[in-house]
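Worksheet for the structure shown next.
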Amino acid sequence: MATATTVVLTVVTLPVAASASAGPVIDPDQQYAAFLAEKKADGSWAGSADPGDKAKAPATDLAAFPKLTDRQLAAMKAATPKVAASGTEAPATVQSVKVTAEGTSVTTYLPAPGVTPDQLAGNLRSRGQASVRVVRPAAADGVSLMAASDCSYGYATTFSCPVSYWRNEGWEDPYVRFNDHSGSSWPVSKAVPKWNTVQNIDSEYHFNSCSSVSGSRCVDVFSGNYGATGWTGLTTLYYASGSPGALSDSGAKIQLNDYYNPTTYGFTRNNVATHEVGHALGLGHNGYSGDVLYYVSNTREDIGGQNPVLLAGIYSVSR
Ligand SMILES: [Zn+2]
C-alpha cells in the first residue's frame, strides 16, 4: 500500500460470534454524520429502519407506567441496598471524550458480556478513538451511601460529580424526547416509559420524529451492525462550556449494536436499551451487579430500586 498507514500495536482479542443476518458493518460516527447531514426539520431521517409497531407506540404510557408516588419512592429509599460488586467486578466505566468549541462530549460504552473494560478500551484505541479512559470507582467496594441530592445514592451514581442534568428550560420538569431511529429488535419504546415513571423528569418516546418544541430536547437513538466493537450500546452526551454537569441541548445520542447476538452472549436488548436511556437522563453505572445500570450488559430490565431515587433527587431542584 503506497499511502501512509497506522500501525496498530495493541492486540485485542474479542469474542466473535456475529449473526449472519446483521448486514454489512457500518461505522457509528459515520452513521451519525449522515443523520446530521440528511435529517429533516421534523427530526426524521430516511435511514431509519422499518418502524413496524414502533411508529404506533404512544409518547407516554401513563396508564401502564404511572409516575412513582411519594409513598413508593419512600419505600425505595427505605429498602436495604443490594451488595455492590467489588474487586475486579467493580463497575469500571469506559468513556471517550471529545472537546470542541461548543463544549465537551462524553461517550460511555456498555461492554459486551465477556469483554472487560480494559479490553474494550484497548479495542477503541486501536480503532483510532481519541481520549479513551477507564473510570474506576474510588472505593473498591463500590460507592458510599450519600444523600439523594448528591452524586450517588446507594449503589446508583451519576456520570460526573457535580451531577449531570438536563435543564428545566421553562418546563416544570425537564422534558426529554427520545427520537428512535433504531430497528425493530431494539425495544426502545418499552424502555422509555419505564424511565418516565421517575418523578421530576419527563421522558417521551417518538419514532423518527421530533419536531421543535421550545425547551424540549431530542435524544436520537440509532442501531446498526457496528461490528465486533466490544460494546453493545453507547450514549453520547454534550456538556456546554462553563456550566459543569449541565447537558447541552444538542448532540445527545444512543447507538445500539446489532452485532452481538443476545442469545449467544446472554443479555437482552431490552436491558441495553433501558441501560442507555438511563445514561441519557444523567445516570452513571450502578455498583450492584444485578442492576440494569451495571457496567456489563445483562438480563436485568427493570429500572431498579435506587436509580429512581437518585434520578428524582437530581431533578428535585429546578435548574
Ligand atoms: Zn453504561
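Simple scheme: letters A, B, ... for chains in C-alpha cells order, numbers from 1 for residues in each chain, numbers from 1 for ligands in the order shown.
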Sort by chain and increasing residue number a table of all residues of chain A within 6 Å of ligand 1, each with its closest pair of atoms and their distance in Å to one decimal, counting only C-alpha atoms and all ligand atoms, and write it as a tab-separated table.
```
residue	atom	partner	partner_atom_place_in_ligand_line	distance
A:Tyr109	CA	ligand 1	1 (Zn)	5.7
A:Leu110	CA	ligand 1	1 (Zn)	4.6
A:His285	CA	ligand 1	1 (Zn)	5.8
A:Tyr295	CA	ligand 1	1 (Zn)	5.2
```
>> Based on the backbone DSSP call, show me all residues of range 30-195 of chain A assigned alpha helix (DSSP H), as number ranges by chain.
In response: A: 30-38, 70-78, 117-126, 188-195
Pull the closest atom pair for each residue of range 25-67 of chain A that gets at most 9 Å from range 244-267 of chain A, along with the distance in Å to one decimal, counting only C-alpha atoms, ordering rows by chain and then ascending residue number, as a Markdown table.
```
| residue | atom | partner | partner_atom | distance |
| --- | --- | --- | --- | --- |
| A:Val25 | CA | A:Tyr259 | CA | 8.4 |
| A:Pro28 | CA | A:Gln255 | CA | 7.3 |
| A:Tyr32 | CA | A:Lys253 | CA | 8.7 |
```
> Smallest atom-to-atom distance to Cys151 in chain A: which of A:Gln119, A:Cys218, A:Asp70, A:Ser164, using only C-alpha atoms?
Replying inline: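 Using only C-alpha atoms, the shortest distance to Cys151 in chain A belongs to A:Ser164.
Taking only C-alpha atoms, the non-local environment of Asp302 in chain A within 10 Å (same-chain residues fewer than 2 positions away omitted) comprises Ala191, Lys194, Trp195, Asn270, Asn271, Thr274, His275, Asp291, Val292, Leu293, Thr299, Arg300, Gly304 and Gly305 of chain A.
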Restricting the output to N, CA, C and O atoms, write the selected residues as an mmCIF file, in the first residue's frame.
```
data_model
loop_
_atom_site.group_PDB
_atom_site.id
_atom_site.type_symbol
_atom_site.label_atom_id
_atom_site.label_comp_id
_atom_site.auth_asym_id
_atom_site.auth_seq_id
_atom_site.Cartn_x
_atom_site.Cartn_y
_atom_site.Cartn_z
ATOM 1 N N ALA A 191 -38.512 0.756 26.737
ATOM 2 C CA ALA A 191 -37.546 1.245 27.731
ATOM 3 C C ALA A 191 -37.910 2.648 28.231
ATOM 4 O O ALA A 191 -37.829 2.927 29.429
ATOM 5 N N LYS A 194 -40.579 3.188 31.088
ATOM 6 C CA LYS A 194 -40.116 2.796 32.429
ATOM 7 C C LYS A 194 -39.458 3.980 33.129
ATOM 8 O O LYS A 194 -39.704 4.244 34.308
ATOM 9 N N TRP A 195 -38.627 4.693 32.386
ATOM 10 C CA TRP A 195 -37.928 5.839 32.990
ATOM 11 C C TRP A 195 -38.881 7.011 33.220
ATOM 12 O O TRP A 195 -38.628 7.856 34.092
ATOM 13 N N ASN A 270 -33.542 -5.429 25.581
ATOM 14 C CA ASN A 270 -34.298 -4.552 26.474
ATOM 15 C C ASN A 270 -33.369 -4.025 27.567
ATOM 16 O O ASN A 270 -33.428 -2.845 27.939
ATOM 17 N N ASN A 271 -32.481 -4.873 28.081
ATOM 18 C CA ASN A 271 -31.501 -4.430 29.084
ATOM 19 C C ASN A 271 -30.634 -3.307 28.516
ATOM 20 O O ASN A 271 -30.445 -2.266 29.152
ATOM 21 N N THR A 274 -32.687 -0.051 27.918
ATOM 22 C CA THR A 274 -33.063 0.576 29.192
ATOM 23 C C THR A 274 -31.834 1.200 29.852
ATOM 24 O O THR A 274 -31.901 2.309 30.395
ATOM 25 N N HIS A 275 -30.716 0.509 29.796
ATOM 26 C CA HIS A 275 -29.440 0.992 30.345
ATOM 27 C C HIS A 275 -29.046 2.326 29.696
ATOM 28 O O HIS A 275 -28.747 3.308 30.384
ATOM 29 N N ASP A 291 -28.133 -4.949 38.645
ATOM 30 C CA ASP A 291 -28.875 -3.748 38.267
ATOM 31 C C ASP A 291 -28.812 -3.516 36.759
ATOM 32 O O ASP A 291 -27.818 -3.860 36.113
ATOM 33 N N VAL A 292 -29.875 -2.896 36.235
ATOM 34 C CA VAL A 292 -29.907 -2.622 34.791
ATOM 35 C C VAL A 292 -28.788 -1.658 34.391
ATOM 36 O O VAL A 292 -28.346 -1.659 33.237
ATOM 37 N N LEU A 293 -28.297 -0.853 35.346
ATOM 38 C CA LEU A 293 -27.220 0.087 35.040
ATOM 39 C C LEU A 293 -25.843 -0.430 35.489
ATOM 40 O O LEU A 293 -24.882 0.325 35.588
ATOM 41 N N THR A 299 -29.235 -9.287 31.865
ATOM 42 C CA THR A 299 -30.632 -9.561 31.514
ATOM 43 C C THR A 299 -31.608 -8.753 32.356
ATOM 44 O O THR A 299 -32.819 -8.917 32.235
ATOM 45 N N ARG A 300 -31.089 -7.889 33.221
ATOM 46 C CA ARG A 300 -31.961 -7.096 34.077
ATOM 47 C C ARG A 300 -32.645 -6.008 33.243
ATOM 48 O O ARG A 300 -31.995 -5.315 32.471
ATOM 49 N N GLY A 304 -34.944 -0.606 38.668
ATOM 50 C CA GLY A 304 -34.271 -0.820 39.946
ATOM 51 C C GLY A 304 -34.779 0.044 41.071
ATOM 52 O O GLY A 304 -35.545 0.988 40.879
ATOM 53 N N GLY A 305 -34.331 -0.276 42.270
ATOM 54 C CA GLY A 305 -34.830 0.412 43.446
ATOM 55 C C GLY A 305 -34.079 1.675 43.801
ATOM 56 O O GLY A 305 -34.564 2.478 44.591
#
```
> Can you tell me, as a ChimeraX atom specification, what residues are no more than 9 Å from Gly215 in chain A when counting only C-alpha atoms, ignoring any on the same chain fewer than 5 positions away?
Replying inline: /A:167-171,174-175,249
>> Could you check the closest approach to Gly114 in chain A for each of A:Ala74, A:Val296, A:Val134, A:Leu311 and tell me which residue wins, using only C-alpha atoms?
In response: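 So, comparing all the options, the nearest one is A:Val296.
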Restrict the calculation to only C-alpha atoms, then for each residue of range 86-129 of chain A with any atom at most 9 Å from an atom of range 225-229 of chain A give the closest atom pair and their distance in Å to one decimal, rows by chain and rising residue number, as a tab-separated table.
```
residue	atom	partner	partner_atom	distance
A:Pro111	CA	A:Thr229	CA	9.0
A:Ala112	CA	A:Thr229	CA	8.8
A:Leu120	CA	A:Thr229	CA	7.6
A:Asn123	CA	A:Thr229	CA	7.0
A:Leu124	CA	A:Thr229	CA	7.3
A:Arg127	CA	A:Thr229	CA	8.8
```
>> Would you compute the distance between CA of Arg269 in chain A and CA of Pro187 in chain A? Give it in Å to one decimal.
In response: 7.0 Å
>> Please list as a PyMOL selection string every residue within 12 Å of Thr69 in chain A, counting only C-alpha atoms and excluding residues in the same chain fewer than 3 positions away.
In response: chain A and resi 65-66+72-76+197-200+308-309+312
